[in-house]
$ cat target_2.tsv   # TSV, C-alpha atoms
chain	number	residue	atom	x	y	z
A	1	MET	CA	12.56	-107.63	-12.82
A	2	ALA	CA	12.96	-110.50	-10.32
A	3	SER	CA	12.06	-110.30	-6.66
A	4	LYS	CA	14.68	-110.36	-3.90
A	5	LEU	CA	14.53	-112.16	-0.57
A	6	GLY	CA	14.10	-109.53	2.15
A	7	ASN	CA	13.77	-111.21	5.54
A	8	ILE	CA	13.48	-114.73	6.81
A	9	VAL	CA	10.92	-114.33	9.60
A	10	PHE	CA	10.61	-116.41	12.76
A	11	TYR	CA	7.70	-116.16	15.16
A	12	ALA	CA	9.12	-116.67	18.62
A	13	ASN	CA	8.09	-116.80	22.26
A	14	ASP	CA	11.25	-114.83	23.10
A	15	PRO	CA	12.41	-113.00	19.94
A	16	VAL	CA	15.54	-111.53	21.54
A	17	LYS	CA	16.75	-114.87	22.92
A	18	LEU	CA	16.07	-116.68	19.63
A	19	ALA	CA	17.87	-113.91	17.70
A	20	GLU	CA	20.89	-114.38	19.98
A	21	PHE	CA	20.91	-118.12	19.20
A	22	TRP	CA	20.76	-117.61	15.41
A	23	ALA	CA	23.34	-114.81	15.53
A	24	ALA	CA	25.73	-117.20	17.28
A	25	VAL	CA	24.97	-119.91	14.68
A	26	ILE	CA	26.10	-117.69	11.81
A	27	GLY	CA	28.83	-115.92	13.81
A	28	VAL	CA	27.53	-112.35	14.02
A	29	GLU	CA	26.19	-110.07	16.74
A	30	PRO	CA	22.42	-109.62	16.87
A	31	ALA	CA	21.29	-106.17	15.77
A	32	ARG	CA	19.95	-103.96	18.54
A	33	PHE	CA	17.22	-101.37	18.38
A	34	GLU	CA	19.27	-98.54	19.84
A	35	GLY	CA	20.67	-95.14	18.99
A	36	ASP	CA	19.36	-93.40	15.88
A	37	LEU	CA	17.53	-96.53	14.70
A	38	LYS	CA	15.59	-96.78	17.96
A	39	GLU	CA	14.78	-93.06	17.95
A	40	HIS	CA	13.57	-93.27	14.34
A	41	LEU	CA	11.35	-96.29	15.10
A	42	LEU	CA	9.88	-94.64	18.20
A	43	ALA	CA	9.27	-91.40	16.29
A	44	SER	CA	7.42	-93.38	13.60
A	45	GLY	CA	4.86	-94.56	16.15
A	46	LEU	CA	6.30	-97.80	17.52
A	47	THR	CA	6.48	-98.20	21.29
A	48	GLU	CA	9.14	-99.67	23.58
A	49	GLU	CA	6.81	-102.67	23.94
A	50	ASP	CA	6.74	-103.08	20.14
A	51	LEU	CA	10.54	-103.05	20.02
A	52	ASN	CA	10.82	-105.56	22.86
A	53	LYS	CA	8.71	-108.02	20.82
A	54	ARG	CA	11.08	-107.97	17.83
A	55	ALA	CA	14.72	-108.69	17.07
A	56	LEU	CA	17.05	-108.76	14.04
A	57	VAL	CA	20.12	-110.66	12.94
A	58	GLU	CA	22.01	-109.06	10.08
A	59	ASP	CA	25.24	-110.32	8.54
A	60	PRO	CA	27.41	-107.23	7.93
A	61	SER	CA	28.99	-108.93	4.89
A	62	GLY	CA	25.58	-109.46	3.31
A	63	GLU	CA	26.33	-113.14	2.66
A	64	PHE	CA	23.48	-114.36	4.86
A	65	PRO	CA	19.90	-113.04	4.57
A	66	ARG	CA	18.53	-110.86	7.36
A	67	LEU	CA	16.63	-112.80	10.01
A	68	PHE	CA	13.68	-111.03	11.65
A	69	PHE	CA	12.14	-112.30	14.89
A	70	HIS	CA	8.60	-111.35	15.85
A	71	HIS	CA	6.68	-112.28	18.99
A	72	ALA	CA	4.37	-115.24	18.43
A	73	ILE	CA	0.72	-115.01	19.37
A	74	GLY	CA	0.63	-118.66	20.47
A	75	PRO	CA	2.88	-121.70	20.84
A	76	LYS	CA	4.35	-123.61	17.91
A	77	ARG	CA	2.07	-126.60	17.33
A	78	SER	CA	3.42	-128.57	14.38
A	79	ARG	CA	6.31	-129.11	12.01
A	80	ASN	CA	7.67	-126.20	9.95
A	81	ARG	CA	6.59	-126.08	6.32
A	82	MET	CA	10.05	-124.77	5.42
A	83	HIS	CA	13.41	-124.86	7.14
A	84	LEU	CA	16.94	-123.52	6.84
A	85	ASP	CA	19.90	-125.64	5.70
A	86	ILE	CA	23.03	-124.53	7.51
A	87	GLN	CA	26.47	-125.29	6.04
A	88	ALA	CA	28.86	-126.52	8.74
A	89	THR	CA	31.93	-125.45	6.75
A	90	PRO	CA	30.92	-122.73	4.25
A	91	GLY	CA	32.88	-122.80	1.01
A	92	GLU	CA	34.53	-126.16	1.57
A	93	SER	CA	33.65	-129.83	1.80
A	94	THR	CA	32.37	-130.86	5.20
A	95	THR	CA	34.21	-133.74	6.82
A	96	PRO	CA	32.40	-135.98	9.30
A	97	GLU	CA	34.64	-134.53	12.04
A	98	ALA	CA	33.76	-130.94	11.11
A	99	LEU	CA	30.04	-131.81	11.00
A	100	GLU	CA	30.25	-133.37	14.46
A	101	ALA	CA	32.15	-130.39	15.86
A	102	GLU	CA	29.61	-127.90	14.49
A	103	LYS	CA	26.71	-130.06	15.73
A	104	ASP	CA	28.27	-130.04	19.20
A	105	ARG	CA	28.72	-126.24	19.06
A	106	LEU	CA	25.07	-125.71	18.11
A	107	VAL	CA	23.87	-128.07	20.82
A	108	ALA	CA	25.93	-126.08	23.34
A	109	LEU	CA	24.12	-122.94	22.11
A	110	GLY	CA	20.74	-124.60	22.79
A	111	ALA	CA	19.90	-126.60	19.64
A	112	GLU	CA	18.53	-130.12	19.81
A	113	VAL	CA	19.46	-133.01	17.53
A	114	VAL	CA	16.43	-134.73	16.01
A	115	ARG	CA	18.32	-137.36	14.03
A	116	LEU	CA	21.33	-138.03	11.81
A	117	ILE	CA	20.48	-138.63	8.15
A	118	ASP	CA	22.96	-140.91	6.40
A	119	GLN	CA	21.56	-142.13	3.09
A	120	SER	CA	21.70	-141.56	-0.65
A	121	TRP	CA	19.25	-139.64	-2.76
A	122	GLY	CA	19.87	-141.29	-6.08
A	123	PRO	CA	23.54	-140.72	-6.90
A	124	TRP	CA	23.96	-138.05	-4.17
A	125	PRO	CA	25.03	-139.04	-0.68
A	126	GLU	CA	23.23	-137.31	2.17
A	127	HIS	CA	24.92	-137.00	5.54
A	128	TYR	CA	23.46	-134.28	7.75
A	129	TYR	CA	21.68	-133.59	11.04
A	130	GLN	CA	18.06	-132.64	11.42
A	131	MET	CA	17.96	-130.26	14.35
A	132	ARG	CA	15.69	-127.84	16.23
A	133	ASP	CA	16.51	-124.38	17.53
A	134	PRO	CA	15.69	-123.52	21.18
A	135	GLU	CA	12.04	-122.84	20.28
A	136	GLY	CA	11.59	-126.01	18.20
A	137	ASN	CA	12.04	-124.59	14.67
A	138	GLU	CA	13.53	-127.28	12.45
A	139	PHE	CA	16.75	-126.80	10.49
A	140	CYS	CA	19.37	-129.03	8.93
A	141	LEU	CA	23.10	-128.94	9.53
A	142	GLN	CA	25.06	-130.25	6.57

$ encode --input "target_2.tsv" --output "structure tokens"
Amino acid sequence: MASKLGNIVFYANDPVKLAEFWAAVIGVEPARFEGDLKEHLLASGLTEEDLNKRALVEDPSGEFPRLFFHHAIGPKRSRNRMHLDIQATPGESTTPEALEAEKDRLVALGAEVVRLIDQSWGPWPEHYYQMRDPEGNEFCLQ
């Protein structure tokens, strides 16, 4: 039997704020620890402080993996060893205009452009943005 991806985990200075950014990127509402879920977590031994140091982003359609945000012990010091590739126009070819529009939307949400990549990797053209989320985690917008 093969394994299945569970969570993509981010360590964050402000997990709730970073979850709000990524929820807006993929177009969903961030999950909240409230109601029955909150009561269940508190009954299992977690505290309000524990819950305030974590956040979730879940795509109700299940198309995007769940993102889990956990409070970081210290500041981010170097480049990520992995990153997310975000499709600007899921399910269709991305035009330069659509890429620019999505880049502008993400910048308005708090992302930073690192650089535009416009090159070929062998026979495959590459045209995408290297970016950082509000806490400096790298991702690519293609």

$ atom_distance --input "target_2.tsv" --atom1 "atom CA of Asp50 of chain A" --atom2 "atom CA of Gly74 of chain A"
16.7 Å

$ closest_residue --input "target_2.tsv" --among "A:Pro15, A:Gly136, A:Gly122, A:Gly27" --to "His83 of chain A" --atoms "only C-alpha atoms"
A:Gly136

$ closest_residue --input "target_2.tsv" --among "A:Glu48, A:Glu39, A:Glu100, A:Glu63" --to "Leu141 of chain A" --atoms "only C-alpha atoms"
A:Glu100

$ closest_residue --input "target_2.tsv" --among "A:Gln87, A:Asn52, A:Ser3, A:Ser78" --to "Phe139 of chain A" --atoms "all atoms listed in the file"
A:Gln87

$ atom_distance --input "target_2.tsv" --atom1 "atom CA of Leu109 of chain A" --atom2 "atom CA of Arg81 of chain A"
23.8 Å

$ closest_residue --input "target_2.tsv" --among "A:Ala55, A:Pro96, A:Thr47, A:Tyr11" --to "Ala31 of chain A" --atoms "all atoms listed in the file"
A:Ala55

$ residues_around --input "target_2.tsv" --residues "Pro65 of chain A" --least-positions-apart "6" --cutoff "12 Å" --atoms "only C-alpha atoms" --output "ChimeraX atom specification"
/A:4-9,22-23,26,56-59,84

$ build_atoms --input "target_2.tsv" --residues "segment 57-68 of chain A" --atoms "all heavy atoms" --output "PDB file, in the frame of the given file"
ATOM      1  N   VAL A  57      18.751-110.173  13.127  1.00  0.00           N
ATOM      2  CA  VAL A  57      20.120-110.660  12.940  1.00  0.00           C
ATOM      3  C   VAL A  57      20.493-110.280  11.513  1.00  0.00           C
ATOM      4  O   VAL A  57      19.828-110.686  10.563  1.00  0.00           O
ATOM      5  CB  VAL A  57      20.223-112.187  13.140  1.00  0.00           C
ATOM      6  CG1 VAL A  57      21.612-112.687  12.757  1.00  0.00           C
ATOM      7  CG2 VAL A  57      19.887-112.560  14.581  1.00  0.00           C
ATOM      8  N   GLU A  58      21.540-109.476  11.393  1.00  0.00           N
ATOM      9  CA  GLU A  58      22.010-109.060  10.080  1.00  0.00           C
ATOM     10  C   GLU A  58      23.492-109.379   9.941  1.00  0.00           C
ATOM     11  O   GLU A  58      24.276-109.060  10.826  1.00  0.00           O
ATOM     12  CB  GLU A  58      21.810-107.554   9.878  1.00  0.00           C
ATOM     13  CG  GLU A  58      20.358-107.166   9.776  1.00  0.00           C
ATOM     14  CD  GLU A  58      20.170-105.716   9.408  1.00  0.00           C
ATOM     15  OE1 GLU A  58      20.282-104.875  10.313  1.00  0.00           O
ATOM     16  OE2 GLU A  58      19.928-105.449   8.222  1.00  0.00           O
ATOM     17  N   ASP A  59      23.848-110.008   8.854  1.00  0.00           N
ATOM     18  CA  ASP A  59      25.240-110.320   8.540  1.00  0.00           C
ATOM     19  C   ASP A  59      25.843-109.080   7.874  1.00  0.00           C
ATOM     20  O   ASP A  59      25.413-108.697   6.790  1.00  0.00           O
ATOM     21  CB  ASP A  59      25.280-111.520   7.592  1.00  0.00           C
ATOM     22  CG  ASP A  59      26.670-111.906   7.158  1.00  0.00           C
ATOM     23  OD1 ASP A  59      27.646-111.281   7.610  1.00  0.00           O
ATOM     24  OD2 ASP A  59      26.783-112.836   6.343  1.00  0.00           O
ATOM     25  N   PRO A  60      26.832-108.441   8.509  1.00  0.00           N
ATOM     26  CA  PRO A  60      27.410-107.230   7.930  1.00  0.00           C
ATOM     27  C   PRO A  60      27.990-107.436   6.531  1.00  0.00           C
ATOM     28  O   PRO A  60      28.021-106.510   5.725  1.00  0.00           O
ATOM     29  CB  PRO A  60      28.502-106.815   8.911  1.00  0.00           C
ATOM     30  CG  PRO A  60      28.301-107.627  10.120  1.00  0.00           C
ATOM     31  CD  PRO A  60      27.447-108.803   9.764  1.00  0.00           C
ATOM     32  N   SER A  61      28.411-108.661   6.217  1.00  0.00           N
ATOM     33  CA  SER A  61      28.990-108.930   4.890  1.00  0.00           C
ATOM     34  C   SER A  61      27.911-109.066   3.824  1.00  0.00           C
ATOM     35  O   SER A  61      28.210-109.025   2.634  1.00  0.00           O
ATOM     36  CB  SER A  61      29.833-110.200   4.926  1.00  0.00           C
ATOM     37  OG  SER A  61      28.989-111.346   5.006  1.00  0.00           O
ATOM     38  N   GLY A  62      26.668-109.275   4.253  1.00  0.00           N
ATOM     39  CA  GLY A  62      25.580-109.460   3.310  1.00  0.00           C
ATOM     40  C   GLY A  62      25.498-110.858   2.720  1.00  0.00           C
ATOM     41  O   GLY A  62      24.682-111.124   1.851  1.00  0.00           O
ATOM     42  N   GLU A  63      26.341-111.779   3.194  1.00  0.00           N
ATOM     43  CA  GLU A  63      26.330-113.140   2.660  1.00  0.00           C
ATOM     44  C   GLU A  63      25.114-113.935   3.123  1.00  0.00           C
ATOM     45  O   GLU A  63      24.669-114.835   2.432  1.00  0.00           O
ATOM     46  CB  GLU A  63      27.598-113.881   3.081  1.00  0.00           C
ATOM     47  CG  GLU A  63      28.850-113.353   2.414  1.00  0.00           C
ATOM     48  CD  GLU A  63      30.081-114.121   2.834  1.00  0.00           C
ATOM     49  OE1 GLU A  63      30.011-115.364   2.914  1.00  0.00           O
ATOM     50  OE2 GLU A  63      31.101-113.474   3.083  1.00  0.00           O
ATOM     51  N   PHE A  64      24.602-113.624   4.286  1.00  0.00           N
ATOM     52  CA  PHE A  64      23.480-114.360   4.860  1.00  0.00           C
ATOM     53  C   PHE A  64      22.276-113.439   4.884  1.00  0.00           C
ATOM     54  O   PHE A  64      22.397-112.267   5.220  1.00  0.00           O
ATOM     55  CB  PHE A  64      23.853-114.810   6.285  1.00  0.00           C
ATOM     56  CG  PHE A  64      23.028-115.958   6.802  1.00  0.00           C
ATOM     57  CD1 PHE A  64      23.409-117.260   6.530  1.00  0.00           C
ATOM     58  CD2 PHE A  64      21.889-115.740   7.552  1.00  0.00           C
ATOM     59  CE1 PHE A  64      22.657-118.324   6.999  1.00  0.00           C
ATOM     60  CE2 PHE A  64      21.126-116.798   8.028  1.00  0.00           C
ATOM     61  CZ  PHE A  64      21.529-118.095   7.750  1.00  0.00           C
ATOM     62  N   PRO A  65      21.077-113.907   4.533  1.00  0.00           N
ATOM     63  CA  PRO A  65      19.900-113.040   4.570  1.00  0.00           C
ATOM     64  C   PRO A  65      19.613-112.534   5.980  1.00  0.00           C
ATOM     65  O   PRO A  65      19.988-113.169   6.970  1.00  0.00           O
ATOM     66  CB  PRO A  65      18.758-113.950   4.107  1.00  0.00           C
ATOM     67  CG  PRO A  65      19.384-115.134   3.500  1.00  0.00           C
ATOM     68  CD  PRO A  65      20.754-115.257   4.082  1.00  0.00           C
ATOM     69  N   ARG A  66      18.924-111.412   6.048  1.00  0.00           N
ATOM     70  CA  ARG A  66      18.530-110.860   7.360  1.00  0.00           C
ATOM     71  C   ARG A  66      17.465-111.752   7.973  1.00  0.00           C
ATOM     72  O   ARG A  66      16.538-112.204   7.301  1.00  0.00           O
ATOM     73  CB  ARG A  66      18.005-109.441   7.179  1.00  0.00           C
ATOM     74  CG  ARG A  66      17.585-108.806   8.496  1.00  0.00           C
ATOM     75  CD  ARG A  66      17.199-107.358   8.348  1.00  0.00           C
ATOM     76  NE  ARG A  66      16.218-107.224   7.286  1.00  0.00           N
ATOM     77  CZ  ARG A  66      16.087-106.137   6.535  1.00  0.00           C
ATOM     78  NH1 ARG A  66      16.873-105.108   6.709  1.00  0.00           N
ATOM     79  NH2 ARG A  66      15.157-106.081   5.604  1.00  0.00           N
ATOM     80  N   LEU A  67      17.606-112.027   9.257  1.00  0.00           N
ATOM     81  CA  LEU A  67      16.630-112.800  10.010  1.00  0.00           C
ATOM     82  C   LEU A  67      15.852-111.825  10.897  1.00  0.00           C
ATOM     83  O   LEU A  67      16.447-111.001  11.590  1.00  0.00           O
ATOM     84  CB  LEU A  67      17.307-113.854  10.880  1.00  0.00           C
ATOM     85  CG  LEU A  67      18.236-114.839  10.164  1.00  0.00           C
ATOM     86  CD1 LEU A  67      18.873-115.791  11.159  1.00  0.00           C
ATOM     87  CD2 LEU A  67      17.494-115.595   9.078  1.00  0.00           C
ATOM     88  N   PHE A  68      14.540-111.908  10.862  1.00  0.00           N
ATOM     89  CA  PHE A  68      13.680-111.030  11.650  1.00  0.00           C
ATOM     90  C   PHE A  68      12.870-111.905  12.595  1.00  0.00           C
ATOM     91  O   PHE A  68      12.297-112.919  12.178  1.00  0.00           O
ATOM     92  CB  PHE A  68      12.750-110.232  10.729  1.00  0.00           C
ATOM     93  CG  PHE A  68      11.867-109.270  11.461  1.00  0.00           C
ATOM     94  CD1 PHE A  68      12.376-108.091  11.982  1.00  0.00           C
ATOM     95  CD2 PHE A  68      10.521-109.547  11.631  1.00  0.00           C
ATOM     96  CE1 PHE A  68      11.557-107.205  12.655  1.00  0.00           C
ATOM     97  CE2 PHE A  68       9.687-108.666  12.304  1.00  0.00           C
ATOM     98  CZ  PHE A  68      10.217-107.484  12.817  1.00  0.00           C
TER      99      PHE A  68
END
